[in-house]
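One file, input36.txt, is given below (compact mmCIF, C-alpha atoms).
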```txt
# COMPACT_ATOMS: atom_id res chain seq x y z
CA MET A 7 -15.81 -8.34 40.49
CA LYS A 8 -14.25 -11.51 39.10
CA LEU A 9 -11.60 -10.76 36.47
CA PRO A 10 -10.95 -12.92 33.37
CA ALA A 11 -7.61 -13.97 34.86
CA ASP A 12 -9.42 -15.41 37.90
CA TYR A 13 -11.28 -18.08 35.93
CA PRO A 14 -9.94 -21.65 36.14
CA ARG A 15 -10.34 -22.17 32.40
CA ARG A 16 -8.81 -19.37 30.34
CA ILE A 17 -9.18 -19.73 26.59
CA LEU A 18 -7.49 -17.84 23.79
CA PHE A 19 -9.27 -18.15 20.44
CA ALA A 20 -7.59 -16.64 17.38
CA VAL A 21 -8.28 -16.55 13.67
CA ALA A 22 -5.25 -16.62 11.39
CA GLY A 23 -4.18 -16.92 7.79
CA LEU A 24 -0.55 -17.27 6.81
CA SER A 25 0.84 -15.29 9.76
CA PRO A 26 0.88 -17.60 12.80
CA GLN A 27 3.00 -14.97 14.55
CA ILE A 28 -0.17 -13.23 15.70
CA LEU A 29 -0.72 -16.10 18.15
CA THR A 30 2.68 -15.92 19.87
CA GLU A 31 2.56 -12.12 19.83
CA THR A 32 -0.86 -12.19 21.52
CA VAL A 33 0.17 -14.81 24.08
CA TYR A 34 3.29 -12.79 24.84
CA TYR A 35 1.29 -9.68 25.61
CA LEU A 36 -1.46 -11.43 27.60
CA ALA A 37 0.82 -13.70 29.63
CA VAL A 38 3.90 -11.48 30.03
CA LYS A 39 3.05 -7.78 29.64
CA ALA A 40 -0.59 -7.47 30.63
CA SER A 41 -1.58 -6.42 34.12
CA PRO A 42 -3.15 -8.51 35.46
CA ARG A 43 -1.66 -11.25 33.35
CA PHE A 44 -4.02 -13.54 31.45
CA VAL A 45 -2.19 -16.83 31.00
CA PRO A 46 -4.27 -19.11 28.78
CA THR A 47 -4.88 -22.66 29.92
CA GLU A 48 -5.78 -23.59 26.33
CA ILE A 49 -5.52 -22.08 22.86
CA HIS A 50 -7.65 -22.64 19.76
CA LEU A 51 -6.55 -21.40 16.35
CA LEU A 52 -8.92 -21.34 13.38
CA THR A 53 -7.29 -21.11 9.98
CA THR A 54 -7.19 -22.49 6.44
CA ALA A 55 -5.51 -25.70 5.32
CA GLU A 56 -2.42 -23.77 4.24
CA GLY A 57 -2.52 -21.71 7.43
CA ARG A 58 -2.54 -24.92 9.48
CA GLU A 59 0.70 -26.02 7.85
CA HIS A 60 2.32 -22.66 8.56
CA ALA A 61 1.23 -22.89 12.20
CA ARG A 62 2.33 -26.50 12.53
CA LEU A 63 5.77 -25.92 11.09
CA THR A 64 6.56 -22.63 12.82
CA LEU A 65 4.77 -22.94 16.15
CA LEU A 66 4.61 -26.63 17.03
CA SER A 67 7.58 -28.23 15.28
CA LYS A 68 10.69 -29.12 17.26
CA ASP A 69 12.67 -26.51 15.33
CA PRO A 70 11.95 -23.58 15.38
CA GLY A 71 8.99 -24.44 17.68
CA TRP A 72 8.20 -20.83 18.50
CA PHE A 73 5.31 -21.62 20.82
CA GLN A 74 7.41 -23.76 23.17
CA GLN A 75 10.27 -21.27 22.81
CA LEU A 76 7.93 -18.57 24.11
CA ARG A 77 6.92 -20.71 27.08
CA HIS A 78 10.55 -21.49 27.86
CA ASP A 79 11.75 -17.89 27.48
CA TYR A 80 9.18 -16.54 29.95
CA ALA A 81 8.71 -19.59 32.21
CA LEU A 82 5.03 -19.94 31.31
CA PRO A 83 3.07 -22.89 32.72
CA PRO A 84 1.83 -25.71 30.48
CA ILE A 85 -0.76 -24.53 27.93
CA ASP A 86 -2.98 -26.92 26.00
CA PHE A 87 -2.07 -26.13 22.41
CA THR A 88 -1.47 -29.07 20.11
CA LEU A 89 -2.20 -29.89 16.50
CA ASP A 90 -5.72 -30.89 17.58
CA ASN A 91 -6.27 -27.28 18.67
CA ILE A 92 -5.57 -25.95 15.19
CA HIS A 93 -8.96 -26.06 13.49
CA VAL A 94 -9.30 -25.91 9.71
CA LEU A 95 -12.15 -24.23 7.89
CA LYS A 96 -14.07 -26.60 5.62
CA ASP A 97 -16.40 -26.29 2.66
CA GLU A 98 -19.94 -27.66 2.37
CA HIS A 99 -18.56 -31.11 1.56
CA GLY A 100 -16.28 -31.19 4.60
CA ARG A 101 -13.13 -30.57 2.57
CA PRO A 102 -10.46 -28.27 4.06
CA LEU A 103 -10.46 -24.76 2.62
CA GLY A 104 -7.16 -23.57 1.18
CA ASP A 105 -8.36 -19.97 1.31
CA ILE A 106 -11.53 -17.90 1.63
CA ARG A 107 -12.34 -16.60 -1.84
CA SER A 108 -16.02 -17.16 -2.62
CA VAL A 109 -19.35 -16.19 -1.06
CA ASP A 110 -19.86 -19.81 -0.01
CA ASP A 111 -16.41 -19.87 1.62
CA ASN A 112 -17.33 -16.79 3.63
CA SER A 113 -20.62 -18.35 4.70
CA HIS A 114 -18.92 -21.54 5.91
CA ALA A 115 -16.29 -19.50 7.75
CA ALA A 116 -19.01 -17.49 9.49
CA ASP A 117 -20.85 -20.65 10.56
CA HIS A 118 -17.66 -22.32 11.82
CA ILE A 119 -16.57 -19.27 13.82
CA THR A 120 -20.06 -18.82 15.27
CA ALA A 121 -20.27 -22.47 16.31
CA MET A 122 -16.85 -22.40 18.00
CA ILE A 123 -17.51 -19.21 19.96
CA ARG A 124 -20.97 -20.43 20.98
CA THR A 125 -19.38 -23.64 22.30
CA LEU A 126 -16.45 -21.92 24.05
CA THR A 127 -18.75 -19.46 25.84
CA ALA A 128 -21.06 -22.20 27.10
CA ASP A 129 -18.77 -23.03 30.04
CA PRO A 130 -19.51 -20.70 32.99
CA ASP A 131 -16.09 -21.50 34.49
CA ALA A 132 -14.26 -20.26 31.40
CA ALA A 133 -13.11 -16.81 30.30
CA LEU A 134 -12.66 -16.41 26.55
CA HIS A 135 -10.24 -14.00 24.89
CA VAL A 136 -10.77 -13.62 21.13
CA SER A 137 -8.03 -12.22 18.89
CA ILE A 138 -9.02 -10.88 15.48
CA ALA A 139 -5.52 -9.87 14.40
CA GLY A 140 -5.04 -12.56 11.74
CA GLY A 141 -6.79 -14.10 8.76
CA ARG A 142 -9.02 -12.47 6.20
CA LYS A 143 -10.83 -9.31 7.31
CA THR A 144 -14.13 -11.17 7.13
CA MET A 145 -12.82 -13.78 9.60
CA GLY A 146 -12.04 -11.07 12.12
CA PHE A 147 -15.43 -9.47 11.56
CA TYR A 148 -17.27 -12.76 12.09
CA ALA A 149 -15.26 -13.52 15.24
CA GLY A 150 -16.07 -10.11 16.69
CA TYR A 151 -19.74 -10.34 15.73
CA ALA A 152 -20.05 -13.85 17.17
CA LEU A 153 -18.51 -12.69 20.44
CA SER A 154 -20.97 -9.81 20.52
CA LEU A 155 -23.79 -12.35 20.21
CA TYR A 156 -22.49 -14.86 22.76
CA GLY A 157 -19.88 -13.06 24.86
CA ARG A 158 -20.23 -12.66 28.64
CA THR A 159 -18.80 -10.15 31.10
CA GLN A 160 -15.58 -12.16 31.49
CA ASP A 161 -14.90 -12.40 27.74
CA ARG A 162 -12.63 -10.03 25.80
CA LEU A 163 -11.89 -9.05 22.19
CA SER A 164 -8.55 -7.69 21.02
CA HIS A 165 -6.13 -6.98 18.18
CA VAL A 166 -2.39 -7.28 18.71
CA LEU A 167 -0.31 -4.31 17.51
CA VAL A 168 3.27 -4.78 16.30
CA PRO A 169 5.28 -1.80 15.03
CA PRO A 170 7.04 -1.77 11.68
CA PRO A 171 9.45 -3.18 10.65
CA TYR A 172 8.65 -6.10 12.98
CA GLU A 173 5.07 -6.38 11.76
CA GLY A 174 4.74 -9.12 9.17
CA ASN A 175 8.43 -10.03 9.45
CA ARG A 176 8.68 -13.77 8.89
CA GLN A 177 11.46 -14.06 11.48
CA PHE A 178 9.65 -12.19 14.27
CA PHE A 179 7.31 -14.10 16.59
CA TYR A 180 7.58 -12.14 19.86
CA PRO A 181 10.10 -9.97 21.76
CA ARG A 182 12.83 -12.21 23.19
CA PRO A 183 13.96 -11.59 26.80
CA TYR A 184 17.51 -11.14 25.48
CA SER A 185 19.12 -9.64 22.38
CA GLU A 186 18.44 -11.53 19.18
CA VAL A 187 19.18 -10.14 15.74
CA ILE A 188 16.86 -10.70 12.79
CA TYR A 189 16.69 -8.88 9.45
CA THR A 190 14.02 -6.92 7.62
CA ASP A 191 12.26 -8.69 4.77
CA ASP A 192 13.00 -5.92 2.26
CA LYS A 193 15.92 -5.75 -0.15
CA HIS A 194 18.03 -3.84 2.38
CA GLY A 195 17.99 -6.62 4.99
CA ARG A 196 18.52 -4.22 7.88
CA PRO A 197 19.28 -5.80 11.29
CA LEU A 198 16.66 -5.66 14.05
CA ASN A 199 16.84 -6.61 17.71
CA THR A 200 13.72 -8.58 18.72
CA HIS A 201 14.35 -7.64 22.36
CA GLU A 202 13.56 -4.02 21.48
CA ALA A 203 10.19 -4.66 19.81
CA GLU A 204 7.24 -3.01 21.56
CA VAL A 205 4.15 -5.18 21.25
CA ALA A 206 0.80 -3.73 22.34
CA LEU A 207 -2.74 -5.03 22.52
CA ALA A 208 -5.81 -3.01 21.58
CA ASP A 209 -8.76 -4.04 23.74
CA ILE A 210 -11.87 -3.75 21.56
CA PRO A 211 -15.14 -2.91 23.33
CA PHE A 212 -18.18 -4.79 22.06
CA VAL A 213 -21.89 -4.87 22.77
CA ARG A 214 -22.88 -8.01 24.66
CA MET A 215 -26.23 -9.34 23.44
CA ARG A 216 -26.12 -12.78 25.05
CA ASP A 217 -28.66 -11.99 27.78
CA GLY A 218 -31.17 -11.03 25.12
CA LEU A 219 -30.91 -14.29 23.17
CA PRO A 220 -33.45 -17.10 23.52
CA GLN A 221 -32.21 -20.44 24.80
CA GLN A 222 -32.66 -21.96 21.34
CA LEU A 223 -29.91 -19.73 19.92
CA LEU A 224 -27.64 -20.15 22.94
CA SER A 225 -27.63 -23.94 22.99
CA GLY A 226 -28.65 -24.91 19.45
CA SER A 227 -26.71 -25.25 16.23
CA ALA A 228 -28.04 -22.25 14.33
CA SER A 229 -25.83 -20.92 11.55
CA PHE A 230 -24.45 -17.39 11.58
CA SER A 231 -27.18 -16.10 9.25
CA GLU A 232 -29.91 -17.91 11.21
CA THR A 233 -28.63 -16.40 14.45
CA VAL A 234 -28.55 -12.90 13.00
CA THR A 235 -32.05 -13.36 11.56
CA GLY A 236 -33.26 -14.55 14.97
CA VAL A 237 -31.83 -11.47 16.66
CA GLN A 238 -33.39 -9.18 14.07
CA LYS A 239 -36.79 -10.75 14.74
CA LEU A 240 -36.39 -10.16 18.46
CA LEU A 241 -35.65 -6.49 17.78
CA ALA A 242 -38.84 -6.02 15.74
CA ALA A 243 -41.73 -3.98 17.17
CA PRO A 244 -43.46 -6.11 19.85
CA HIS A 245 -46.76 -7.71 18.90
CA ILE A 246 -48.81 -10.47 20.53
CA TYR A 247 -50.62 -12.88 18.24
CA ILE A 248 -52.73 -15.70 19.70
CA ASP A 249 -54.19 -18.29 17.32
CA LEU A 250 -56.97 -20.06 19.20
CA THR A 251 -57.46 -22.66 16.47
CA ALA A 252 -53.80 -23.70 16.48
CA LYS A 253 -53.53 -23.04 20.25
CA GLN A 254 -50.37 -21.00 19.66
CA LEU A 255 -48.83 -17.81 20.99
CA THR A 256 -46.46 -15.78 18.82
CA ALA A 257 -44.52 -12.93 20.43
CA GLY A 258 -43.07 -10.65 17.79
CA GLU A 259 -42.09 -13.19 15.16
CA ARG A 260 -41.18 -16.02 17.52
CA LEU A 261 -43.43 -18.91 18.51
CA VAL A 262 -43.72 -19.33 22.29
CA PRO A 263 -44.56 -22.93 23.29
CA MET A 264 -47.03 -23.00 26.19
CA LYS A 265 -49.19 -25.68 27.76
CA PRO A 266 -52.96 -25.05 27.56
CA ALA A 267 -53.27 -24.08 31.25
CA GLU A 268 -50.63 -21.35 30.91
CA LEU A 269 -51.76 -20.26 27.45
CA ALA A 270 -55.33 -19.86 28.73
CA PHE A 271 -54.04 -17.78 31.66
CA TYR A 272 -52.03 -15.57 29.31
CA LEU A 273 -54.92 -15.34 26.85
CA TRP A 274 -57.18 -14.21 29.68
CA LEU A 275 -54.89 -11.32 30.68
CA VAL A 276 -54.17 -10.40 27.05
CA GLN A 277 -57.90 -10.29 26.30
CA ARG A 278 -58.47 -8.04 29.31
CA ARG A 279 -55.72 -5.71 28.11
CA ARG A 280 -57.13 -5.54 24.61
CA ASP A 281 -60.64 -4.90 25.97
CA GLY A 282 -59.44 -2.10 28.25
CA ALA A 283 -60.12 -3.99 31.52
CA SER A 284 -57.95 -3.35 34.57
CA PRO A 285 -55.15 -5.61 35.92
CA VAL A 286 -56.23 -8.29 38.40
CA ARG A 287 -55.34 -9.64 41.80
CA TRP A 288 -55.86 -13.28 42.69
CA SER A 289 -58.42 -12.41 45.40
CA ASP A 290 -60.75 -10.49 43.03
CA ASP A 291 -64.28 -11.86 42.63
CA GLY A 292 -65.12 -13.94 39.57
CA LEU A 293 -61.55 -14.72 38.45
CA ALA A 294 -62.03 -18.49 38.39
CA GLU A 295 -65.01 -18.14 36.03
CA GLU A 296 -63.11 -15.76 33.75
CA TYR A 297 -60.10 -18.03 33.56
CA LEU A 298 -62.24 -21.13 32.96
CA HIS A 299 -63.99 -19.38 30.10
CA HIS A 300 -60.69 -18.86 28.29
CA TYR A 301 -59.50 -22.34 29.13
CA GLY A 302 -62.70 -23.63 27.52
CA ARG A 303 -61.96 -21.57 24.40
CA LEU A 304 -58.75 -23.56 23.99
CA VAL A 305 -59.64 -27.13 25.06
CA GLY A 306 -63.44 -27.16 24.76
CA THR A 307 -65.87 -27.16 27.67
CA ALA A 308 -66.79 -30.81 27.10
CA SER A 309 -63.22 -32.09 27.48
CA GLY A 310 -61.89 -34.03 30.43
CA ASP A 311 -59.14 -31.45 30.88
CA TYR A 312 -61.72 -28.71 31.29
CA GLU A 313 -63.63 -30.74 33.87
CA ARG A 314 -60.46 -31.36 35.91
CA VAL A 315 -59.53 -27.68 35.98
CA ALA A 316 -63.12 -26.70 36.80
CA GLU A 317 -63.03 -29.10 39.74
CA ALA A 318 -59.74 -27.64 40.96
CA LEU A 319 -61.23 -24.13 40.87
CA LYS A 320 -64.70 -24.92 42.18
CA SER A 321 -63.97 -22.89 45.35
CA GLY A 322 -62.53 -19.99 43.36
CA MET A 323 -59.08 -18.80 42.29
CA THR A 324 -56.35 -19.43 44.86
CA LYS A 325 -53.14 -17.48 45.28
CA ASP A 326 -51.02 -20.56 44.59
CA TYR A 327 -52.88 -21.38 41.37
CA PHE A 328 -52.66 -17.77 40.16
CA GLU A 329 -48.94 -17.46 40.98
CA GLN A 330 -48.10 -20.79 39.40
CA ARG A 331 -49.81 -19.96 36.10
CA LYS A 332 -48.25 -16.47 36.04
CA THR A 333 -44.73 -17.76 36.73
CA ARG A 334 -44.94 -20.55 34.17
CA SER A 335 -46.30 -18.21 31.50
CA ASN A 336 -43.48 -15.73 32.03
CA THR A 337 -40.87 -18.50 32.11
CA ALA A 338 -42.08 -19.84 28.76
CA ILE A 339 -41.81 -16.38 27.21
CA LYS A 340 -38.31 -15.78 28.61
CA THR A 341 -37.13 -19.19 27.41
CA ALA A 342 -38.39 -18.57 23.89
CA LEU A 343 -37.27 -14.94 23.53
CA GLY A 344 -34.50 -14.37 26.05
CA ALA A 345 -34.73 -12.22 29.16
CA ILE A 346 -34.41 -8.84 27.45
CA ALA A 347 -36.60 -9.37 24.38
CA ALA A 348 -39.26 -10.95 26.60
CA GLN A 349 -39.86 -7.79 28.64
CA PRO A 350 -42.72 -6.23 26.58
CA TYR A 351 -44.67 -9.50 26.70
CA LEU A 352 -44.41 -10.44 30.37
CA ILE A 353 -47.19 -10.45 32.94
CA THR A 354 -46.08 -7.61 35.21
CA ALA A 355 -47.10 -6.12 38.53
CA SER A 356 -48.51 -2.67 39.18
CA GLY A 357 -49.16 -0.94 42.49
CA LYS A 358 -47.48 -1.49 45.84
CA ARG A 359 -47.14 -4.67 47.83
CA PRO A 360 -49.01 -6.43 49.27
CA LEU A 361 -51.83 -5.20 47.01
CA GLN A 362 -50.13 -5.55 43.63
CA ARG A 363 -52.22 -6.25 40.57
CA PHE A 364 -51.10 -8.11 37.45
CA GLY A 365 -51.64 -7.74 33.74
CA ILE A 366 -50.17 -7.17 30.28
CA THR A 367 -48.76 -3.72 29.48
CA LEU A 368 -48.43 -3.97 25.68
CA PRO A 369 -50.80 -1.48 23.98
CA ALA A 370 -54.09 -2.98 22.80
CA GLY A 371 -53.27 -2.03 19.21
CA GLN A 372 -50.33 -4.44 19.29
CA ILE A 373 -52.48 -7.44 20.23
CA THR A 374 -54.21 -9.83 17.83
CA ILE A 375 -56.45 -12.73 18.86
CA GLU A 376 -58.03 -14.96 16.23
CA PRO A 377 -60.87 -15.89 15.91
CA ASP A 378 -61.73 -12.39 17.02
CA HIS A 379 -64.90 -12.82 19.04
CA ASP A 380 -65.48 -13.37 22.74
CA THR A 381 -68.28 -12.74 25.25
CA PRO A 382 -66.93 -14.02 28.59
CA PRO A 383 -68.13 -13.11 32.05
CA ARG A 384 -66.22 -9.97 32.97
CA GLN A 385 -65.70 -8.27 36.29
CA PRO A 386 -66.11 -4.48 36.35
```

In structure tokens, how does this file's structure come out?
Amino acid sequence: MKLPADYPRRILFAVAGLSPQILTETVYYLAVKASPRFVPTEIHLLTTAEGREHARLTLLSKDPGWFQQLRHDYALPPIDFTLDNIHVLKDEHGRPLGDIRSVDDNSHAADHITAMIRTLTADPDAALHVSIAGGRKTMGFYAGYALSLYGRTQDRLSHVLVPPPYEGNRQFFYPRPYSEVIYTDDKHGRPLNTHEAEVALADIPFVRMRDGLPQQLLSGSASFSETVTGVQKLLAAPHIYIDLTAKQLTAGERLVPMKPAELAFYLWLVQRRRDGASPVRWSDDGLAEEYLHHYGRLVGTASGDYERVAEALKSGMTKDYFEQRKTRSNTAIKTALGAIAAQPYLITASGKRPLQRFGITLPAGQITIEPDHDTPPRQP
């Protein structure tokens, strides 16, 4: 099994507020302490306008420059982390957010986080590690939820753990490989040795729903709320609705685009299921006539399209024609719904090879066809 550390592109994505230390602490654990080590090839930090300044001045400046100090202290290879990799949350007008305080701010943060994680998980050669240790609690929640929606087997979610009194200390950024004295932030100003700090990383399990998402949500630009709504629709009780007037198939609550030839094939098998007829095999008698009847219901028997299909099937249904229509129908459903949500709607096989038969398995009570009248030729 390929481990996250084996991927050529290794991305660390973190959300942060006014504590940029969570980034160096996380990199320290992943690249120095973890086994196997996960050394990022690039880092992306999402924060507020004020958080960006904190990160710029503490992590990327020449002095103190804690990020480069970390690389130097532990001989880490070059990592792509520049000012361009510090992303600032923005409001609806594109203005940088100083903080997340309103409902609208939360909504924009959710959309920004969702868009970034959707983009970062689109590369099959990349492994993404998401840290939710910093920023507002809602930022961490959205990052974890977005990874649950789009994360793959190679992606990870974590929270860095730093013991008191190092946690939150403005002078502590990671354990140094040698003794270095800093002081507590309280009124006592007690000395601490950064070399003695024990940093840990809590790996957070999450449910991966990516394989169940339709292509539209994987590659589109849906907002966080739109994505969640889309997933909720896919989880609704399965129901097939075919509108013959509009020539449309709806599976659950999602429209499934299909060309007339495939929609007629699917309609044919759905109608058989609703009428209590048995599954079919391409070599059964009378299949061409049955299929043509349903094709005529969609395109009209006087159309040129109907005449061309009738000519192609004048010698009866062939195995190639049957298999092609079946495969294209199932592909359209999987594309619209995603592989998992598509399962109740697919044309499936029953029986043993080479005598398998094919049909729809959804109960007849969960099928609606409108207009609701049909008297086609029907085999026993």

Discussion item. Set the distance at 8 Å and use all atoms listed in the file: which residues neighbour A:His60 once local chain neighbours fewer than 6 positions away are removed? I'd like the list as a PyMOL selection string.
Written reply: chain A and resi 24-26

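Across the structure, atom CA of A:Glu329 and atom CA of A:Asp290 are spaced 13.9 Å apart.
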
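The two atoms in question, atom CA of A:Gly150 and atom CA of A:Tyr80, are spaced 29.2 Å apart.
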
Discussion item. I'd like to know which of A:Thr125, A:Thr251, A:Ser164, A:Thr190 is closest to A:Ile375, using all atoms listed in the file.
Written reply: A:Thr251

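Each of A:Leu167, A:Val315, A:Leu134, A:Ala267 was checked against A:Leu207 using all atoms listed in the file; the smallest atom-to-atom distance is that of A:Leu167.
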